[in-house]
Structures are given as structure tokens and as C-alpha cells.
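Novice: Contents are TSV, N, CA and C atoms; file name final_31.tsv:
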```tsv
chain	number	residue	atom	x	y	z
A	1	MET	N	0.85	-1.17	0.00
A	1	MET	CA	0.00	0.00	0.00
A	1	MET	C	0.90	1.23	0.00
A	2	VAL	N	0.53	2.21	-0.83
A	2	VAL	CA	1.24	3.49	-0.84
A	2	VAL	C	0.28	4.56	-0.36
A	3	ILE	N	0.69	5.25	0.70
A	3	ILE	CA	-0.12	6.31	1.29
A	3	ILE	C	0.57	7.63	0.99
A	4	LYS	N	-0.19	8.57	0.44
A	4	LYS	CA	0.37	9.89	0.18
A	4	LYS	C	-0.37	10.91	1.03
A	5	ILE	N	0.41	11.77	1.67
A	5	ILE	CA	-0.13	12.89	2.43
A	5	ILE	C	0.08	14.11	1.55
A	6	LEU	N	-1.02	14.72	1.10
A	6	LEU	CA	-0.91	15.90	0.26
A	6	LEU	C	-1.07	17.15	1.11
A	7	GLY	N	-0.09	18.04	1.02
A	7	GLY	CA	-0.17	19.29	1.77
A	7	GLY	C	1.11	20.07	1.64
A	8	THR	N	0.99	21.38	1.75
A	8	THR	CA	2.13	22.26	1.52
A	8	THR	C	2.98	22.49	2.76
A	9	GLY	N	2.64	21.85	3.86
A	9	GLY	CA	3.45	21.99	5.07
A	9	GLY	C	2.78	22.78	6.18
A	10	CYS	N	1.48	23.02	6.04
A	10	CYS	CA	0.75	23.75	7.08
A	10	CYS	C	0.61	22.86	8.32
A	11	PRO	N	0.23	23.44	9.45
A	11	PRO	CA	0.07	22.63	10.67
A	11	PRO	C	-0.89	21.45	10.52
A	12	LYS	N	-1.99	21.64	9.80
A	12	LYS	CA	-2.95	20.55	9.60
A	12	LYS	C	-2.33	19.42	8.79
A	13	CYS	N	-1.53	19.78	7.80
A	13	CYS	CA	-0.86	18.78	6.96
A	13	CYS	C	0.12	17.97	7.80
A	14	LYS	N	0.85	18.64	8.66
A	14	LYS	CA	1.83	17.97	9.53
A	14	LYS	C	1.12	17.06	10.52
A	15	THR	N	-0.04	17.50	11.02
A	15	THR	CA	-0.82	16.69	11.95
A	15	THR	C	-1.31	15.42	11.27
A	16	LEU	N	-1.83	15.56	10.04
A	16	LEU	CA	-2.31	14.39	9.31
A	16	LEU	C	-1.17	13.41	9.06
A	17	GLU	N	0.00	13.91	8.70
A	17	GLU	CA	1.14	13.03	8.46
A	17	GLU	C	1.53	12.28	9.73
A	18	LYS	N	1.60	13.01	10.84
A	18	LYS	CA	1.98	12.40	12.12
A	18	LYS	C	0.97	11.33	12.54
A	19	MET	N	-0.31	11.66	12.45
A	19	MET	CA	-1.36	10.72	12.85
A	19	MET	C	-1.36	9.48	11.96
A	20	THR	N	-1.17	9.68	10.67
A	20	THR	CA	-1.15	8.55	9.74
A	20	THR	C	0.01	7.62	10.05
A	21	ARG	N	1.19	8.18	10.29
A	21	ARG	CA	2.35	7.36	10.64
A	21	ARG	C	2.10	6.58	11.93
A	22	GLU	N	1.47	7.22	12.91
A	22	GLU	CA	1.17	6.54	14.18
A	22	GLU	C	0.18	5.40	13.97
A	23	VAL	N	-0.87	5.62	13.19
A	23	VAL	CA	-1.88	4.58	12.95
A	23	VAL	C	-1.24	3.40	12.22
A	24	VAL	N	-0.40	3.67	11.22
A	24	VAL	CA	0.27	2.61	10.48
A	24	VAL	C	1.15	1.78	11.41
A	25	GLU	N	1.92	2.48	12.25
A	25	GLU	CA	2.83	1.78	13.17
A	25	GLU	C	2.06	0.99	14.22
A	26	GLN	N	1.07	1.59	14.84
A	26	GLN	CA	0.33	0.95	15.92
A	26	GLN	C	-0.47	-0.27	15.47
A	27	ASN	N	-0.85	-0.28	14.18
A	27	ASN	CA	-1.70	-1.37	13.70
A	27	ASN	C	-0.96	-2.35	12.79
A	28	GLY	N	0.35	-2.19	12.70
A	28	GLY	CA	1.15	-3.11	11.90
A	28	GLY	C	0.77	-3.13	10.43
A	29	ILE	N	0.34	-1.99	9.92
A	29	ILE	CA	-0.04	-1.90	8.51
A	29	ILE	C	1.21	-1.74	7.67
A	30	GLU	N	1.33	-2.57	6.65
A	30	GLU	CA	2.49	-2.49	5.77
A	30	GLU	C	2.21	-1.45	4.70
A	31	ALA	N	2.93	-0.34	4.78
A	31	ALA	CA	2.68	0.75	3.85
A	31	ALA	C	3.92	1.62	3.69
A	32	THR	N	3.97	2.28	2.55
A	32	THR	CA	4.97	3.30	2.30
A	32	THR	C	4.25	4.63	2.37
A	33	ILE	N	4.77	5.55	3.19
A	33	ILE	CA	4.14	6.86	3.35
A	33	ILE	C	5.00	7.90	2.65
A	34	VAL	N	4.36	8.68	1.77
A	34	VAL	CA	5.05	9.70	0.99
A	34	VAL	C	4.38	11.04	1.26
A	35	LYS	N	5.18	12.06	1.53
A	35	LYS	CA	4.66	13.42	1.73
A	35	LYS	C	4.79	14.16	0.41
A	36	VAL	N	3.68	14.71	-0.10
A	36	VAL	CA	3.68	15.45	-1.36
A	36	VAL	C	3.40	16.92	-1.03
A	37	GLU	N	4.38	17.78	-1.26
A	37	GLU	CA	4.22	19.20	-0.94
A	37	GLU	C	4.15	20.09	-2.18
A	38	ASN	N	4.49	19.54	-3.34
A	38	ASN	CA	4.48	20.32	-4.58
A	38	ASN	C	3.04	20.60	-4.99
A	39	ILE	N	2.69	21.88	-5.09
A	39	ILE	CA	1.30	22.27	-5.36
A	39	ILE	C	0.82	21.76	-6.71
A	40	MET	N	1.70	21.71	-7.70
A	40	MET	CA	1.31	21.20	-9.02
A	40	MET	C	0.98	19.70	-8.95
A	41	GLU	N	1.74	18.97	-8.15
A	41	GLU	CA	1.48	17.54	-7.97
A	41	GLU	C	0.17	17.34	-7.22
A	42	ILE	N	-0.08	18.15	-6.20
A	42	ILE	CA	-1.32	18.06	-5.42
A	42	ILE	C	-2.53	18.32	-6.32
A	43	MET	N	-2.41	19.31	-7.21
A	43	MET	CA	-3.52	19.66	-8.09
A	43	MET	C	-3.88	18.54	-9.06
A	44	LYS	N	-2.96	17.65	-9.35
A	44	LYS	CA	-3.24	16.51	-10.24
A	44	LYS	C	-4.30	15.59	-9.65
A	45	TYR	N	-4.47	15.66	-8.34
A	45	TYR	CA	-5.48	14.83	-7.68
A	45	TYR	C	-6.83	15.55	-7.55
A	46	GLY	N	-6.91	16.77	-8.08
A	46	GLY	CA	-8.15	17.54	-7.99
A	46	GLY	C	-8.41	18.09	-6.60
A	47	ILE	N	-7.35	18.22	-5.82
A	47	ILE	CA	-7.47	18.71	-4.45
A	47	ILE	C	-7.36	20.23	-4.43
A	48	MET	N	-8.35	20.88	-3.85
A	48	MET	CA	-8.31	22.33	-3.70
A	48	MET	C	-8.06	22.72	-2.25
A	49	ASN	N	-8.42	21.84	-1.33
A	49	ASN	CA	-8.20	22.10	0.09
A	49	ASN	C	-7.35	20.99	0.68
A	50	THR	N	-6.26	21.37	1.33
A	50	THR	CA	-5.40	20.39	1.98
A	50	THR	C	-5.67	20.42	3.47
A	51	PRO	N	-5.29	19.40	4.19
A	51	PRO	CA	-4.55	18.22	3.77
A	51	PRO	C	-5.45	17.20	3.11
A	52	ALA	N	-4.80	16.22	2.47
A	52	ALA	CA	-5.54	15.12	1.87
A	52	ALA	C	-4.76	13.83	2.07
A	53	LEU	N	-5.50	12.74	2.14
A	53	LEU	CA	-4.92	11.42	2.31
A	53	LEU	C	-5.27	10.60	1.08
A	54	VAL	N	-4.24	10.13	0.39
A	54	VAL	CA	-4.42	9.35	-0.84
A	54	VAL	C	-3.89	7.95	-0.58
A	55	ILE	N	-4.71	6.95	-0.87
A	55	ILE	CA	-4.31	5.56	-0.66
A	55	ILE	C	-4.33	4.85	-2.01
A	56	ASP	N	-3.16	4.36	-2.40
A	56	ASP	CA	-3.02	3.68	-3.69
A	56	ASP	C	-3.66	4.50	-4.83
A	57	GLU	N	-3.33	5.77	-4.86
A	57	GLU	CA	-3.75	6.72	-5.90
A	57	GLU	C	-5.24	7.09	-5.86
A	58	LYS	N	-5.96	6.73	-4.79
A	58	LYS	CA	-7.35	7.14	-4.64
A	58	LYS	C	-7.46	8.09	-3.46
A	59	VAL	N	-8.10	9.24	-3.67
A	59	VAL	CA	-8.28	10.21	-2.60
A	59	VAL	C	-9.29	9.65	-1.61
A	60	ALA	N	-8.84	9.48	-0.36
A	60	ALA	CA	-9.71	8.91	0.68
A	60	ALA	C	-10.31	10.00	1.56
A	61	ILE	N	-9.52	11.01	1.89
A	61	ILE	CA	-9.95	12.10	2.78
A	61	ILE	C	-9.32	13.38	2.25
A	62	LYS	N	-10.10	14.46	2.23
A	62	LYS	CA	-9.52	15.73	1.78
A	62	LYS	C	-10.12	16.91	2.52
A	63	GLY	N	-9.29	17.94	2.68
A	63	GLY	CA	-9.76	19.20	3.24
A	63	GLY	C	-9.93	19.26	4.75
A	64	ARG	N	-9.49	18.22	5.46
A	64	ARG	CA	-9.66	18.22	6.92
A	64	ARG	C	-8.71	17.20	7.54
A	65	VAL	N	-8.58	17.30	8.85
A	65	VAL	CA	-7.78	16.32	9.60
A	65	VAL	C	-8.77	15.36	10.25
A	66	PRO	N	-8.76	14.09	9.83
A	66	PRO	CA	-9.67	13.11	10.41
A	66	PRO	C	-9.17	12.62	11.76
A	67	SER	N	-10.00	11.88	12.45
A	67	SER	CA	-9.58	11.25	13.71
A	67	SER	C	-8.67	10.07	13.39
A	68	ALA	N	-7.91	9.64	14.36
A	68	ALA	CA	-7.05	8.47	14.19
A	68	ALA	C	-7.90	7.25	13.84
A	69	GLU	N	-9.07	7.13	14.44
A	69	GLU	CA	-9.96	6.00	14.17
A	69	GLU	C	-10.42	6.01	12.70
A	70	GLU	N	-10.73	7.18	12.19
A	70	GLU	CA	-11.15	7.28	10.78
A	70	GLU	C	-10.01	6.90	9.84
A	71	ILE	N	-8.80	7.33	10.18
A	71	ILE	CA	-7.63	6.96	9.37
A	71	ILE	C	-7.48	5.44	9.37
A	72	LYS	N	-7.61	4.83	10.53
A	72	LYS	CA	-7.50	3.37	10.64
A	72	LYS	C	-8.54	2.68	9.78
A	73	ILE	N	-9.75	3.17	9.79
A	73	ILE	CA	-10.84	2.57	9.01
A	73	ILE	C	-10.53	2.62	7.51
A	74	VAL	N	-10.09	3.78	7.01
A	74	VAL	CA	-9.83	3.87	5.57
A	74	VAL	C	-8.59	3.08	5.16
A	75	LEU	N	-7.66	2.89	6.08
A	75	LEU	CA	-6.45	2.11	5.75
A	75	LEU	C	-6.69	0.60	5.81
A	76	THR	N	-7.70	0.17	6.54
A	76	THR	CA	-7.91	-1.27	6.69
A	76	THR	C	-9.12	-1.79	5.91
A	77	ARG	N	-9.67	-1.00	5.05
A	77	ARG	CA	-10.80	-1.44	4.21
A	77	ARG	C	-10.37	-2.52	3.26
```
Take the structure in the file and give it back as C-alpha cells.

Specialist:
Amino acid sequence: MVIKILGTGCPKCKTLEKMTREVVEQNGIEATIVKVENIMEIMKYGIMNTPALVIDEKVAIKGRVPSAEEIKIVLTR
């Protein structure tokens, strides 16, 4: 699984990255986490509001910081 955190480095983007890494580690999820900060790359996903969580090239969450439980749910579907 490849997880991408889309965001330009704002506090919400950093929070989403930190929470995602914690959920992956705590639940033994095998994944590669990539931080995407380039605005042109982010726009390729049709994202206008960051942060966003992309799982295997599909946008799962965008424009907000979800709870750790919500991150776990979308990662284990």
C-alpha cells in the first residue's frame, strides 16, 4: 500500500502526516508513506483544500484532519 499525504506543510498537513504514521505503526499496517508538498502535484489529484490522504492513488480524505480511528478505518478497508 502506498499512502500519500498531500499538503504544503501547514500545521494541519503535519498533523495528518503524524497521525497517519502513528496509525500505520500501531496497527502493523504495511505501507509506504510519501509526503507530497508540490502544489502542481497536489492539483493533479483535484485537491483544492489540503490536507488530503491518498491511498493507492485514490483520494480517501480531503480538506480536513480526520480522527485516528477514521484513518485506521480507511487504511484497513

Novice: State, in Å with one decimal place, the distance from atom C of Val74 of chain A to atom C of Gly7 of chain A.

Specialist: 19.9 Å

Novice: Which distance in Å separates atom N of Lys18 of chain A and atom N of Arg77 of chain A, to one decimal?

Specialist: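 Separation of atom N of Lys18 of chain A and atom N of Arg77 of chain A: 18.9 Å.
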
Novice: Give as number ranges by chain each residue that has an atom at most 8 Å from (-5.1, -0.5, -4.4) in the file, counting all atoms listed in the file.

Specialist: A: 1-2, 55-58

Novice: Between A:Ile73, A:Ile33, A:Val65, A:Val24, which has the minimum distance to Thr50 of chain A (counting only N, CA and C atoms)?

Specialist: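 That would be A:Val65, the residue with the smallest distance to Thr50 of chain A.
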
Novice: Under the rule that only N, CA and C atoms are counted, which of A:Cys10, A:Leu16, A:Ile3, A:Ile61 is the nearest residue to Ala31 of chain A?

Specialist: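 Comparing A:Cys10, A:Leu16, A:Ile3, A:Ile61 against Ala31 of chain A, the winner is A:Ile3.
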
Novice: Mind pulling up the distance from atom CA of Lys4 of chain A to atom CA of Arg64 of chain A?

Specialist: 14.7 Å

Novice: Please determine, counting only C-alpha atoms, which residue among A:Met48, A:Ala68, A:Val54, A:Ala60 has the shortest atom-to-atom distance to Val36 of chain A.

Specialist: A:Val54

Novice: Just checking: using only C-alpha atoms, which residue out of A:Gly46, A:Ile5, A:Leu53, A:Val34 ends up closest to Glu70 of chain A?

Specialist: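 Closest to Glu70 of chain A of all the choices is A:Leu53.
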
Novice: Would you mind telling me which residue in A:Ala52, A:Glu30, A:Glu41, A:Thr76 lies nearest to Glu17 of chain A when using only C-alpha atoms?

Specialist: A:Ala52

Novice: Nearest to Glu37 of chain A: which of A:Glu69, A:Thr15, A:Lys62, A:Pro51 is it, counting only C-alpha atoms?

Specialist: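 Closest to Glu37 of chain A of all the choices is A:Pro51.
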
Novice: Which parts of chain A does DSSP call strand (DSSP E) when run on the backbone here, written out as a ChimeraX atom specification?

Specialist: /A:2-6,32-36,52-55,58-62

Novice: What parts of chain A does DSSP call alpha helix (DSSP H)? I'd like the answer as a list in words.

Specialist: Pro11, Lys12, Cys13, Lys14, Thr15, Leu16, Glu17, Lys18, Met19, Thr20, Arg21, Glu22, Val23, Val24, Glu25, Gln26, Ile39, Met40, Glu41, Ile42, Met43, Ala68, Glu69, Glu70, Ile71, Lys72, Ile73, Val74 and Leu75 of chain A
